[in-house]
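Next up, start.txt (compact mmCIF, C-alpha atoms):
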# COMPACT_ATOMS: atom_id res chain seq x y z
CA MET A 222 -73.66 -38.59 147.64
CA ASN A 223 -70.80 -40.99 148.08
CA ARG A 224 -67.98 -39.86 150.25
CA ILE A 225 -64.75 -39.26 148.36
CA SER A 226 -62.49 -40.11 151.26
CA LYS A 227 -62.50 -40.09 155.02
CA HIS A 228 -60.36 -37.34 156.39
CA PHE A 229 -58.59 -39.66 158.78
CA HIS A 230 -57.20 -41.88 156.01
CA HIS A 231 -53.43 -41.90 156.12
CA LYS A 232 -51.56 -41.75 152.86
CA PRO A 233 -48.05 -43.27 152.92
CA ILE A 234 -45.49 -40.50 153.10
CA ILE A 235 -42.49 -41.16 150.90
CA PHE A 236 -39.34 -39.35 151.90
CA LEU A 237 -37.44 -38.82 148.65
CA LEU A 238 -33.88 -37.62 148.74
CA GLY A 239 -34.02 -36.83 152.44
CA CYS A 240 -30.34 -36.06 152.52
CA LEU A 241 -30.99 -32.94 150.43
CA VAL A 242 -32.57 -31.33 153.48
CA PHE A 243 -29.11 -30.34 154.59
CA ILE A 244 -27.80 -29.18 151.24
CA ALA A 245 -26.39 -25.67 150.71
CA ALA A 246 -28.55 -22.78 151.87
CA GLY A 247 -29.05 -21.63 148.29
CA CYS A 248 -31.42 -24.57 147.78
CA HIS A 249 -33.53 -23.79 150.86
CA LYS A 250 -36.82 -21.99 150.52
CA PRO A 251 -38.60 -20.05 153.27
CA GLY A 252 -41.83 -21.31 154.77
CA GLY A 253 -45.09 -20.09 153.35
CA GLY A 254 -46.89 -18.76 156.40
CA GLY A 255 -47.86 -19.25 160.01
CA GLY A 256 -45.66 -19.35 163.08
CA GLY A 257 -45.13 -23.10 163.46
CA SER A 258 -41.88 -24.96 163.28
CA LYS A 259 -39.87 -24.13 160.17
CA PRO A 260 -37.00 -26.56 159.81
CA SER A 261 -34.80 -26.16 156.78
CA PHE A 262 -36.42 -27.86 153.84
CA SER A 263 -36.23 -28.12 150.11
CA THR A 264 -38.88 -28.78 147.51
CA THR A 265 -38.72 -30.43 144.13
CA PRO A 266 -39.75 -28.28 141.16
CA TYR A 267 -42.73 -29.77 139.32
CA VAL A 268 -41.94 -30.46 135.67
CA TYR A 269 -44.83 -30.12 133.22
CA PRO A 270 -45.08 -32.61 130.36
CA ALA A 271 -44.13 -31.53 126.87
CA MET A 272 -46.93 -29.64 125.13
CA PRO A 273 -47.69 -28.71 121.51
CA ASP A 274 -45.76 -25.70 120.24
CA TYR A 275 -48.99 -23.74 119.69
CA VAL A 276 -49.66 -23.71 123.44
CA PRO A 277 -48.12 -20.68 125.19
CA PRO A 278 -45.38 -21.67 127.68
CA VAL A 279 -47.04 -22.61 130.96
CA GLN A 280 -44.25 -20.95 132.94
CA LEU A 281 -45.62 -17.57 131.88
CA TYR A 282 -48.81 -18.24 133.85
CA ILE A 283 -47.47 -19.62 137.15
CA PRO A 284 -47.61 -16.97 139.91
CA ALA A 285 -44.22 -16.11 141.41
CA ASN A 286 -45.60 -16.40 144.95
CA ASN A 287 -46.78 -19.98 144.42
CA PRO A 288 -44.40 -21.96 142.20
CA GLU A 289 -45.32 -25.51 141.29
CA THR A 290 -43.54 -28.13 143.39
CA VAL A 291 -43.93 -31.89 143.57
CA GLU A 292 -44.71 -31.62 147.27
CA GLY A 293 -47.25 -28.83 146.83
CA VAL A 294 -49.02 -30.60 143.98
CA ALA A 295 -49.25 -33.84 145.98
CA LEU A 296 -50.70 -31.97 148.97
CA GLY A 297 -53.18 -30.15 146.74
CA ARG A 298 -54.30 -33.41 145.19
CA ASP A 299 -54.97 -34.86 148.66
CA LEU A 300 -56.97 -31.79 149.66
CA PHE A 301 -58.95 -31.80 146.41
CA TYR A 302 -60.15 -35.36 147.04
CA ASP A 303 -60.51 -35.19 150.84
CA SER A 304 -63.92 -34.61 152.40
CA ILE A 305 -62.30 -33.07 155.49
CA LEU A 306 -63.03 -29.64 154.01
CA SER A 307 -66.82 -30.10 154.31
CA SER A 308 -69.04 -29.79 157.36
CA ASP A 309 -70.42 -33.32 156.98
CA ASN A 310 -67.14 -35.02 155.99
CA HIS A 311 -68.90 -36.37 152.92
CA HIS A 312 -68.20 -33.70 150.29
CA ALA A 313 -64.90 -32.87 148.64
CA CYS A 314 -63.96 -30.66 145.72
CA ALA A 315 -64.00 -33.85 143.68
CA SER A 316 -67.62 -34.51 144.64
CA CYS A 317 -68.67 -32.01 141.96
CA HIS A 318 -65.60 -32.35 139.73
CA HIS A 319 -65.17 -35.97 138.61
CA GLN A 320 -62.16 -36.93 136.53
CA ALA A 321 -64.19 -39.33 134.36
CA TYR A 322 -66.37 -36.37 133.30
CA ALA A 323 -63.55 -33.89 132.55
CA PHE A 324 -63.89 -32.77 136.16
CA THR A 325 -67.58 -31.85 135.85
CA ASP A 326 -70.42 -33.36 137.87
CA ARG A 327 -71.44 -36.64 136.20
CA GLY A 328 -74.08 -35.19 133.89
CA ASN A 329 -75.95 -33.28 136.60
CA PRO A 330 -77.31 -29.89 135.48
CA LEU A 331 -76.69 -28.50 138.98
CA SER A 332 -74.67 -29.98 141.83
CA MET A 333 -75.81 -31.09 145.27
CA GLY A 334 -73.87 -29.81 148.26
CA VAL A 335 -74.08 -30.45 151.99
CA LYS A 336 -77.63 -31.19 153.20
CA ASP A 337 -78.62 -31.78 149.55
CA SER A 338 -78.45 -28.06 148.81
CA LEU A 339 -78.78 -27.38 145.09
CA GLY A 340 -76.18 -25.12 143.53
CA THR A 341 -76.81 -22.13 141.27
CA PHE A 342 -74.61 -22.95 138.28
CA ASN A 343 -73.60 -26.03 136.32
CA SER A 344 -70.28 -27.43 137.55
CA MET A 345 -67.53 -26.20 135.19
CA ALA A 346 -64.80 -28.42 133.78
CA LEU A 347 -61.30 -28.16 135.27
CA PHE A 348 -58.36 -28.39 132.88
CA ASN A 349 -55.80 -26.07 131.25
CA ILE A 350 -56.34 -23.63 134.09
CA PRO A 351 -53.01 -21.79 133.70
CA TRP A 352 -54.35 -20.33 130.46
CA GLU A 353 -57.71 -19.23 131.87
CA ARG A 354 -58.51 -15.54 131.68
CA GLY A 355 -61.43 -13.31 132.47
CA GLY A 356 -62.04 -14.67 135.94
CA PHE A 357 -63.39 -17.91 137.39
CA PHE A 358 -66.89 -19.28 137.98
CA TRP A 359 -69.59 -18.86 135.34
CA ASN A 360 -70.13 -15.24 136.32
CA ALA A 361 -66.37 -14.57 136.57
CA ARG A 362 -66.80 -13.30 140.12
CA ALA A 363 -63.40 -14.66 141.19
CA PRO A 364 -60.61 -12.72 139.47
CA ILE A 365 -57.87 -15.28 140.17
CA LEU A 366 -57.67 -19.01 140.86
CA ASP A 367 -56.95 -18.55 144.56
CA SER A 368 -60.16 -16.58 145.09
CA GLN A 369 -62.09 -19.24 143.19
CA ILE A 370 -60.80 -21.97 145.52
CA VAL A 371 -61.69 -19.96 148.62
CA GLY A 372 -65.40 -19.78 147.74
CA PRO A 373 -66.82 -23.34 147.78
CA VAL A 374 -65.60 -24.35 151.26
CA PRO A 375 -67.76 -21.90 153.29
CA ASN A 376 -70.54 -21.73 150.68
CA THR A 377 -73.70 -23.07 152.36
CA LYS A 378 -74.81 -24.68 149.08
CA GLU A 379 -71.51 -26.49 148.65
CA MET A 380 -69.18 -27.61 151.47
CA ASN A 381 -70.70 -25.43 154.19
CA LEU A 382 -67.65 -25.17 156.45
CA PRO A 383 -66.19 -21.86 157.71
CA TRP A 384 -62.53 -21.64 156.84
CA SER A 385 -61.56 -21.31 160.52
CA GLN A 386 -63.11 -24.72 161.19
CA ALA A 387 -61.61 -26.24 158.05
CA VAL A 388 -58.14 -25.12 159.09
CA ALA A 389 -58.70 -26.45 162.62
CA LYS A 390 -59.69 -29.87 161.25
CA LEU A 391 -56.60 -30.00 159.05
CA GLN A 392 -54.37 -28.92 161.92
CA ALA A 393 -55.82 -31.60 164.21
CA SER A 394 -55.30 -34.39 161.69
CA THR A 395 -52.33 -36.73 161.97
CA MET A 396 -51.71 -36.49 158.23
CA TYR A 397 -51.69 -32.87 157.16
CA PRO A 398 -49.23 -30.94 159.38
CA GLY A 399 -46.39 -33.08 158.06
CA LEU A 400 -47.52 -32.70 154.45
CA PHE A 401 -47.77 -28.92 154.81
CA ASN A 402 -44.28 -28.96 156.32
CA LYS A 403 -42.96 -30.80 153.27
CA ALA A 404 -44.69 -28.43 150.86
CA PHE A 405 -44.31 -25.08 152.62
CA GLY A 406 -41.83 -25.53 155.47
CA THR A 407 -44.29 -25.04 158.31
CA THR A 408 -46.57 -27.29 160.33
CA THR A 409 -48.91 -24.39 161.01
CA ILE A 410 -51.77 -24.73 158.53
CA THR A 411 -53.53 -21.64 157.18
CA LYS A 412 -56.32 -20.98 154.72
CA GLU A 413 -53.83 -19.28 152.42
CA LEU A 414 -51.49 -22.27 152.27
CA THR A 415 -54.41 -24.68 151.80
CA VAL A 416 -55.59 -22.63 148.84
CA LYS A 417 -52.09 -22.46 147.39
CA ALA A 418 -51.73 -26.24 147.52
CA ILE A 419 -55.06 -26.88 145.77
CA ALA A 420 -54.16 -24.26 143.16
CA GLN A 421 -50.88 -26.03 142.46
CA PHE A 422 -52.70 -29.31 141.80
CA LEU A 423 -55.37 -27.74 139.62
CA ARG A 424 -52.76 -26.06 137.43
CA THR A 425 -51.26 -29.47 136.60
CA ILE A 426 -54.49 -30.81 135.02
CA ILE A 427 -53.53 -30.45 131.36
CA SER A 428 -55.50 -31.60 128.31
CA TYR A 429 -53.81 -31.31 124.91
CA ASN A 430 -54.04 -34.91 123.75
CA SER A 431 -57.14 -34.93 121.55
CA LYS A 432 -57.41 -35.97 117.91
CA TYR A 433 -57.48 -32.27 117.06
CA ASP A 434 -54.06 -31.90 118.71
CA SER A 435 -52.73 -34.92 116.83
CA VAL A 436 -53.90 -33.41 113.54
CA GLN A 437 -52.31 -30.06 114.33
CA GLN A 438 -49.00 -31.83 115.01
CA GLY A 439 -49.14 -33.86 111.81
CA LEU A 440 -49.72 -37.14 113.65
CA ALA A 441 -53.24 -37.82 112.35
CA SER A 442 -55.71 -36.64 109.72
CA PHE A 443 -59.31 -35.51 109.88
CA THR A 444 -62.02 -37.56 108.23
CA ASN A 445 -63.89 -35.73 105.48
CA ASP A 446 -66.76 -34.82 107.81
CA GLU A 447 -64.34 -33.62 110.50
CA TYR A 448 -62.51 -31.47 107.96
CA LEU A 449 -65.73 -29.93 106.62
CA GLY A 450 -66.87 -29.31 110.19
CA GLU A 451 -63.62 -27.52 110.93
CA GLN A 452 -64.17 -25.29 107.88
CA LEU A 453 -67.65 -24.41 109.13
CA PHE A 454 -66.26 -23.65 112.56
CA MET A 455 -63.16 -21.70 111.54
CA THR A 456 -64.42 -19.44 108.72
CA ASP A 457 -66.89 -16.61 108.20
CA PRO A 458 -70.22 -16.95 106.37
CA ILE A 459 -70.62 -15.86 102.76
CA ALA A 460 -73.92 -14.32 101.69
CA ASN A 461 -75.63 -15.17 98.41
CA ASN A 462 -75.35 -11.59 97.15
CA THR A 463 -75.39 -9.82 93.78
CA PRO A 464 -74.85 -11.44 91.43
CA PRO A 465 -76.49 -14.50 92.98
CA ILE A 466 -73.92 -17.23 93.56
CA SER A 467 -76.56 -19.91 93.93
CA THR A 468 -80.10 -20.24 92.64
CA LYS A 469 -80.89 -22.78 95.39
CA VAL A 470 -80.40 -20.31 98.27
CA PRO A 471 -82.59 -17.26 98.89
CA PHE A 472 -80.94 -14.00 97.97
CA GLY A 473 -78.72 -12.65 100.74
CA HIS A 474 -78.79 -15.79 102.86
CA ARG A 475 -75.72 -17.76 103.98
CA LEU A 476 -74.40 -20.14 101.39
CA PRO A 477 -74.30 -23.73 102.68
CA GLY A 478 -70.76 -24.89 103.34
CA THR A 479 -69.53 -21.42 104.24
CA GLY A 480 -68.52 -20.53 107.77
CA LEU A 481 -70.42 -20.09 111.01
CA ASP A 482 -67.86 -17.77 112.64
CA CYS A 483 -67.50 -19.93 115.76
CA PHE A 484 -63.76 -19.33 116.03
CA HIS A 485 -63.81 -15.81 117.45
CA CYS A 486 -65.56 -16.91 120.64
CA HIS A 487 -63.93 -20.36 120.60
CA ALA A 488 -60.38 -19.78 119.38
CA ASN A 489 -57.71 -22.43 119.46
CA PRO A 490 -55.79 -23.77 121.25
CA ASP A 491 -58.26 -23.75 124.16
CA PHE A 492 -61.42 -22.84 122.23
CA VAL A 493 -62.21 -19.84 124.39
CA PRO A 494 -62.57 -16.25 123.11
CA GLU A 495 -59.61 -14.84 121.26
CA LEU A 496 -57.78 -11.95 122.89
CA LEU A 497 -59.65 -9.23 121.00
CA ILE A 498 -62.83 -10.14 122.89
CA PRO A 499 -62.67 -8.48 126.34
CA ASP A 500 -62.36 -10.64 129.43
CA ASN A 501 -63.47 -13.94 127.94
CA GLN A 502 -67.11 -13.00 128.51
CA VAL A 503 -70.36 -12.54 126.62
CA LEU A 504 -73.45 -10.66 127.69
CA MET A 505 -76.34 -12.95 128.51
CA ASN A 506 -79.66 -12.79 130.35
CA ASP A 507 -80.15 -14.64 133.63
CA GLY A 508 -83.92 -14.04 133.67
CA LEU A 509 -83.64 -11.23 136.19
CA GLY A 510 -81.26 -8.88 134.46
CA THR A 511 -77.96 -9.01 132.70
CA ILE A 512 -74.83 -10.75 133.88
CA ASN A 513 -71.52 -11.48 132.25
CA LEU A 514 -71.01 -15.18 131.72
CA LYS A 515 -67.77 -16.84 130.77
CA VAL A 516 -67.44 -18.63 127.48
CA PRO A 517 -66.28 -22.14 128.43
CA SER A 518 -63.78 -24.19 126.50
CA LEU A 519 -65.21 -26.59 123.92
CA ARG A 520 -62.49 -29.11 124.62
CA ASN A 521 -63.74 -32.37 126.14
CA ASN A 522 -67.33 -31.46 125.28
CA LYS A 523 -68.32 -35.13 125.05
CA PHE A 524 -67.63 -35.62 128.75
CA SER A 525 -68.98 -32.35 130.14
CA ALA A 526 -72.69 -32.37 129.25
CA PRO A 527 -75.18 -30.94 130.07
CA TYR A 528 -74.27 -27.53 128.71
CA MET A 529 -74.75 -23.84 129.47
CA SER A 530 -74.48 -22.18 132.87
CA ASP A 531 -77.66 -23.84 134.13
CA GLY A 532 -77.10 -27.20 132.47
CA SER A 533 -80.28 -26.76 130.46
CA PHE A 534 -79.02 -28.23 127.17
CA PRO A 535 -78.60 -32.01 127.46
CA ASN A 536 -76.51 -32.68 124.34
CA LEU A 537 -74.65 -31.13 121.40
CA ASP A 538 -77.72 -31.39 119.17
CA SER A 539 -79.64 -29.03 121.46
CA VAL A 540 -76.72 -26.60 121.60
CA ILE A 541 -76.36 -26.52 117.82
CA ALA A 542 -80.12 -26.08 117.41
CA HIS A 543 -80.03 -23.13 119.80
CA TYR A 544 -77.33 -21.27 117.89
CA ASP A 545 -78.82 -22.28 114.56
CA HIS A 546 -82.25 -20.73 114.98
CA GLU A 547 -83.11 -19.82 118.59
CA VAL A 548 -80.94 -16.74 119.20
CA ASP A 549 -82.82 -13.45 118.87
CA PRO A 550 -80.57 -10.86 117.23
CA LYS A 551 -82.78 -8.04 118.54
CA SER A 552 -82.34 -9.04 122.17
CA PRO A 553 -80.24 -6.58 124.19
CA TYR A 554 -78.92 -9.55 126.16
CA VAL A 555 -77.17 -11.17 123.20
CA SER A 556 -73.50 -10.42 122.66
CA SER A 557 -72.60 -8.43 119.56
CA GLN A 558 -70.01 -11.13 118.86
CA MET A 559 -72.64 -13.81 118.28
CA TYR A 560 -73.50 -14.84 114.74
CA ALA A 561 -77.18 -13.86 115.01
CA LYS A 562 -76.38 -10.24 115.88
CA LYS A 563 -73.01 -9.81 114.20
CA TYR A 564 -74.21 -10.68 110.70
CA THR A 565 -77.55 -8.91 110.82
CA ALA A 566 -76.23 -5.57 112.10
CA PRO A 567 -76.36 -2.74 109.54
CA GLY A 568 -73.04 -2.33 107.80
CA SER A 569 -71.71 -5.73 108.81
CA PRO A 570 -69.71 -7.61 106.20
CA ASP A 571 -71.90 -9.95 104.20
CA GLN A 572 -74.96 -8.68 106.06
CA LEU A 573 -77.57 -11.42 106.28
CA PRO A 574 -81.36 -10.96 106.40
CA THR A 575 -81.73 -13.47 109.23
CA GLY A 576 -79.79 -14.38 112.33
CA HIS A 577 -80.53 -18.04 111.71
CA MET A 578 -77.56 -20.09 110.52
CA GLU A 579 -79.93 -22.26 108.47
CA LEU A 580 -77.74 -25.33 108.88
CA THR A 581 -78.41 -28.32 106.69
CA ALA A 582 -78.57 -31.78 108.24
CA ALA A 583 -75.18 -32.56 106.69
CA GLU A 584 -73.64 -29.40 108.18
CA LYS A 585 -74.92 -30.25 111.63
CA SER A 586 -73.35 -33.71 111.36
CA GLN A 587 -70.07 -32.24 110.12
CA LEU A 588 -69.95 -29.68 112.92
CA LYS A 589 -70.51 -32.38 115.53
CA ALA A 590 -67.80 -34.52 113.93
CA PHE A 591 -65.30 -31.70 114.31
CA LEU A 592 -66.33 -30.92 117.88
CA ASN A 593 -65.78 -34.55 118.77
CA THR A 594 -62.13 -34.26 117.73
CA LEU A 595 -61.62 -31.94 120.71
CA ASN A 596 -62.11 -34.76 123.23
CA ASP A 597 -59.04 -35.95 125.15
CA TYR A 598 -59.73 -39.44 126.49
CA SER A 599 -56.42 -39.61 128.34
CA LEU A 600 -57.62 -36.85 130.68
CA LEU A 601 -60.23 -39.23 132.11
CA THR A 602 -57.73 -41.85 133.23
CA ASN A 603 -54.46 -40.01 133.85
CA PRO A 604 -53.28 -41.39 137.21
CA ALA A 605 -51.61 -38.08 138.11
CA TYR A 606 -55.09 -36.54 138.46
CA SER A 607 -56.85 -39.46 140.12
CA ASN A 608 -58.05 -39.98 143.69
CA PRO A 609 -54.95 -40.64 145.84
CA PHE A 610 -57.02 -42.39 148.50
CA HIS A 611 -58.09 -45.18 146.16

Could you render the structure as structure tokens?
Amino acid sequence: MNRISKHFHHKPIIFLLGCLVFIAAGCHKPGGGGGGSKPSFSTTPYVYPAMPDYVPPVQLYIPANNPETVEGVALGRDLFYDSILSSDNHHACASCHHQAYAFTDRGNPLSMGVKDSLGTFNSMALFNIPWERGGFFWNARAPILDSQIVGPVPNTKEMNLPWSQAVAKLQASTMYPGLFNKAFGTTTITKELTVKAIAQFLRTIISYNSKYDSVQQGLASFTNDEYLGEQLFMTDPIANNTPPISTKVPFGHRLPGTGLDCFHCHANPDFVPELLIPDNQVLMNDGLGTINLKVPSLRNNKFSAPYMSDGSFPNLDSVIAHYDHEVDPKSPYVSSQMYAKKYTAPGSPDQLPTGHMELTAAEKSQLKAFLNTLNDYSLLTNPAYSNPFH
């Protein structure tokens, strides 16, 4: 695996508005940890770009103990791309989260860590993190972003470096003590401050610039196929019940052109489960027992293949085929929110005799057309998220 950066690279340090260091005490902020030197310092609040009005205000999701600052974000970006946090100095966070792939791992089902160790789960995309809920990682084992960041560094299948050694390497570098001092007011580096800096950077990776977003803001229009695909995605199915609505569809089956009920588990604006579904999770089977797996966002799906927690589905066609006719409604490992079980359960509205969606070829094409409107190409090239060492 190619090295992202060498930890001894020096990034030019730009001292902006240095005179503000001595401004009134009301502008000074205390250091964030450790017992090193803590000269008076000030930080610059990070300003998020304007977002569509249907996106909840990002300020509601920024923790009070780690506000976004220009200095903290810049430090976090360096740390995200620096291989200093791995035992072999060849693996960085960005080794498995590439910007050109919506911060997933370049089409790999599973990621390779230090010593070519193969990971357990498919590398998840990184964007719109402030609005994440229900935990982090595929199995939601990390309740907050900070605990998610802590995990990969000492993980033997990933970066394989105990945090004590990672902190020692950062402290010994000629670059990082000064950058931590700018961001947190101390030259003493800690695991906690390192995590806070990376978290600040990750929370700035925003993706609301797709065609879907343009349509919602009245700046563009769907094609006919995209529009029909949206209708399939955003509405419930209608059964061919008494009296029969169509003579071309078996009695009781879903009428073509009516909904697939995708929108409850993939609700806008981020296409993750709506709030009525607990903890952003569905019940699935890992082959050994049951585990709760997160429902990922469908945004930027074109760039984040392969799909599912194990990367077993190579493209959208295979995903659509799976939900069309491969889900067993009788399986105890299938969520009650999924089409196959929800619409075959006794007493369900428009109860269907089969859990198969029975999509026509045209419907499959329309659904894919809509899903492709969720791709934000600007995310892949935004210089604010790129490798600072290049």

Task: Test item: residues at most 12 Å from Pro284 of chain A, all atoms listed in the file, excluding those fewer than 5 positions along its chain, as a ChimeraX atom specification - done: /A:279,289,351,365-367,417,420-421,424

TODO: Could you please give me, as number ranges by chain, the residues of protein, DNA or RNA lying at most 12 Å from (-77.4, -8.9, 107.8) in the coordinate frame of the file, considering only C-alpha atoms?
DONE: A: 458-462, 472-475, 550, 560-578

Open item on the list: To one decimal place in Å, what is the distance between atom CA of Tyr598 of chain A and atom CA of Phe358 of chain A?
Closed with: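 Result for atom CA of Tyr598 of chain A versus atom CA of Phe358 of chain A: 24.3 Å, one decimal.
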
- [ ] Kindly give the distance, in Å, that separates atom CA of Thr408 of chain A and atom CA of Tyr282 of chain A, rounded to a single decimal.
- [x]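 So the two atoms, atom CA of Thr408 of chain A and atom CA of Tyr282 of chain A, lie 28.1 Å apart.
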
Task: Selected residue of minimal separation from Ser539 of chain A among A:Val416, A:Ala526, A:Val493, A:Lys403, counting only C-alpha atoms - done: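 Nearest to Ser539 of chain A: A:Ala526.
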
Task: Straight-line distance linking atom CA of Ala387 of chain A with atom CA of Pro375 of chain A, stated in Å to one decimal - done: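 Interatomic distance here is 8.9 Å.
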
- [ ] Choose the residue, out of A:Ala393, A:Val388, A:Leu476, A:Ala346, that has the smallest atom-to-atom separation from Leu519 of chain A; count all atoms listed in the file.
- [x]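 Smallest distance to Leu519 of chain A is found for A:Ala346.
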
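Between Phe524 of chain A and the residues A:Leu481, A:Leu300, A:Ala321, A:Ile466, the shortest atom-to-atom distance, using all atoms listed in the file, involves A:Ala321.
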
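Candidate residues A:Asp545, A:Asp326, A:Asp337, A:Glu451 were compared for distance to Val436 of chain A, and the nearest is A:Glu451, using only C-alpha atoms.
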
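Comparing A:Met396, A:Leu382, A:Leu391, A:Leu600 by their smallest distance to Leu414 of chain A, the closest is A:Leu391 (using only C-alpha atoms).
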
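Residue nearest Phe342 of chain A, chosen from A:Thr265, A:Ser435, A:Thr411, A:Ser530 and counting all atoms listed in the file: A:Ser530.
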
Could segment 316-329 of chain A be completed with N, CA, C and O atoms and returned as a PDB file, in the frame of the given file?
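Result written to selection-v1.pdb:
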ATOM      1  N   SER A 316     -66.228 -34.064 144.656  1.00  0.00           N
ATOM      2  CA  SER A 316     -67.620 -34.510 144.640  1.00  0.00           C
ATOM      3  C   SER A 316     -68.395 -33.891 143.476  1.00  0.00           C
ATOM      4  O   SER A 316     -69.345 -34.481 142.962  1.00  0.00           O
ATOM      5  N   CYS A 317     -68.004 -32.693 143.072  1.00  0.00           N
ATOM      6  CA  CYS A 317     -68.670 -32.010 141.960  1.00  0.00           C
ATOM      7  C   CYS A 317     -67.768 -31.890 140.744  1.00  0.00           C
ATOM      8  O   CYS A 317     -68.177 -31.312 139.731  1.00  0.00           O
ATOM      9  N   HIS A 318     -66.560 -32.421 140.833  1.00  0.00           N
ATOM     10  CA  HIS A 318     -65.600 -32.350 139.730  1.00  0.00           C
ATOM     11  C   HIS A 318     -64.947 -33.721 139.573  1.00  0.00           C
ATOM     12  O   HIS A 318     -63.890 -33.989 140.153  1.00  0.00           O
ATOM     13  N   HIS A 319     -65.598 -34.584 138.775  1.00  0.00           N
ATOM     14  CA  HIS A 319     -65.170 -35.970 138.610  1.00  0.00           C
ATOM     15  C   HIS A 319     -64.254 -36.113 137.406  1.00  0.00           C
ATOM     16  O   HIS A 319     -64.592 -35.658 136.299  1.00  0.00           O
ATOM     17  N   GLN A 320     -63.130 -36.771 137.610  1.00  0.00           N
ATOM     18  CA  GLN A 320     -62.160 -36.930 136.530  1.00  0.00           C
ATOM     19  C   GLN A 320     -62.770 -37.592 135.306  1.00  0.00           C
ATOM     20  O   GLN A 320     -62.488 -37.194 134.169  1.00  0.00           O
ATOM     21  N   ALA A 321     -63.604 -38.596 135.492  1.00  0.00           N
ATOM     22  CA  ALA A 321     -64.190 -39.330 134.360  1.00  0.00           C
ATOM     23  C   ALA A 321     -65.140 -38.485 133.534  1.00  0.00           C
ATOM     24  O   ALA A 321     -65.564 -38.906 132.454  1.00  0.00           O
ATOM     25  N   TYR A 322     -65.475 -37.292 134.015  1.00  0.00           N
ATOM     26  CA  TYR A 322     -66.370 -36.370 133.300  1.00  0.00           C
ATOM     27  C   TYR A 322     -65.664 -35.041 133.026  1.00  0.00           C
ATOM     28  O   TYR A 322     -66.291 -33.992 133.017  1.00  0.00           O
ATOM     29  N   ALA A 323     -64.358 -35.104 132.775  1.00  0.00           N
ATOM     30  CA  ALA A 323     -63.550 -33.890 132.550  1.00  0.00           C
ATOM     31  C   ALA A 323     -63.674 -32.937 133.729  1.00  0.00           C
ATOM     32  O   ALA A 323     -63.698 -31.727 133.569  1.00  0.00           O
ATOM     33  N   PHE A 324     -63.786 -33.522 134.918  1.00  0.00           N
ATOM     34  CA  PHE A 324     -63.890 -32.770 136.160  1.00  0.00           C
ATOM     35  C   PHE A 324     -65.147 -31.895 136.210  1.00  0.00           C
ATOM     36  O   PHE A 324     -65.144 -30.789 136.741  1.00  0.00           O
ATOM     37  N   THR A 325     -66.253 -32.431 135.638  1.00  0.00           N
ATOM     38  CA  THR A 325     -67.580 -31.850 135.850  1.00  0.00           C
ATOM     39  C   THR A 325     -68.370 -32.839 136.709  1.00  0.00           C
ATOM     40  O   THR A 325     -67.824 -33.823 137.212  1.00  0.00           O
ATOM     41  N   ASP A 326     -69.666 -32.603 136.877  1.00  0.00           N
ATOM     42  CA  ASP A 326     -70.420 -33.360 137.870  1.00  0.00           C
ATOM     43  C   ASP A 326     -71.328 -34.427 137.266  1.00  0.00           C
ATOM     44  O   ASP A 326     -72.558 -34.370 137.389  1.00  0.00           O
ATOM     45  N   ARG A 327     -70.755 -35.393 136.578  1.00  0.00           N
ATOM     46  CA  ARG A 327     -71.440 -36.640 136.200  1.00  0.00           C
ATOM     47  C   ARG A 327     -72.772 -36.429 135.485  1.00  0.00           C
ATOM     48  O   ARG A 327     -73.729 -37.189 135.683  1.00  0.00           O
ATOM     49  N   GLY A 328     -72.858 -35.405 134.658  1.00  0.00           N
ATOM     50  CA  GLY A 328     -74.080 -35.190 133.890  1.00  0.00           C
ATOM     51  C   GLY A 328     -75.188 -34.475 134.635  1.00  0.00           C
ATOM     52  O   GLY A 328     -76.292 -34.340 134.103  1.00  0.00           O
ATOM     53  N   ASN A 329     -74.923 -33.999 135.838  1.00  0.00           N
ATOM     54  CA  ASN A 329     -75.950 -33.280 136.600  1.00  0.00           C
ATOM     55  C   ASN A 329     -76.017 -31.823 136.138  1.00  0.00           C
ATOM     56  O   ASN A 329     -74.985 -31.141 136.069  1.00  0.00           O
TER      57      ASN A 329
END
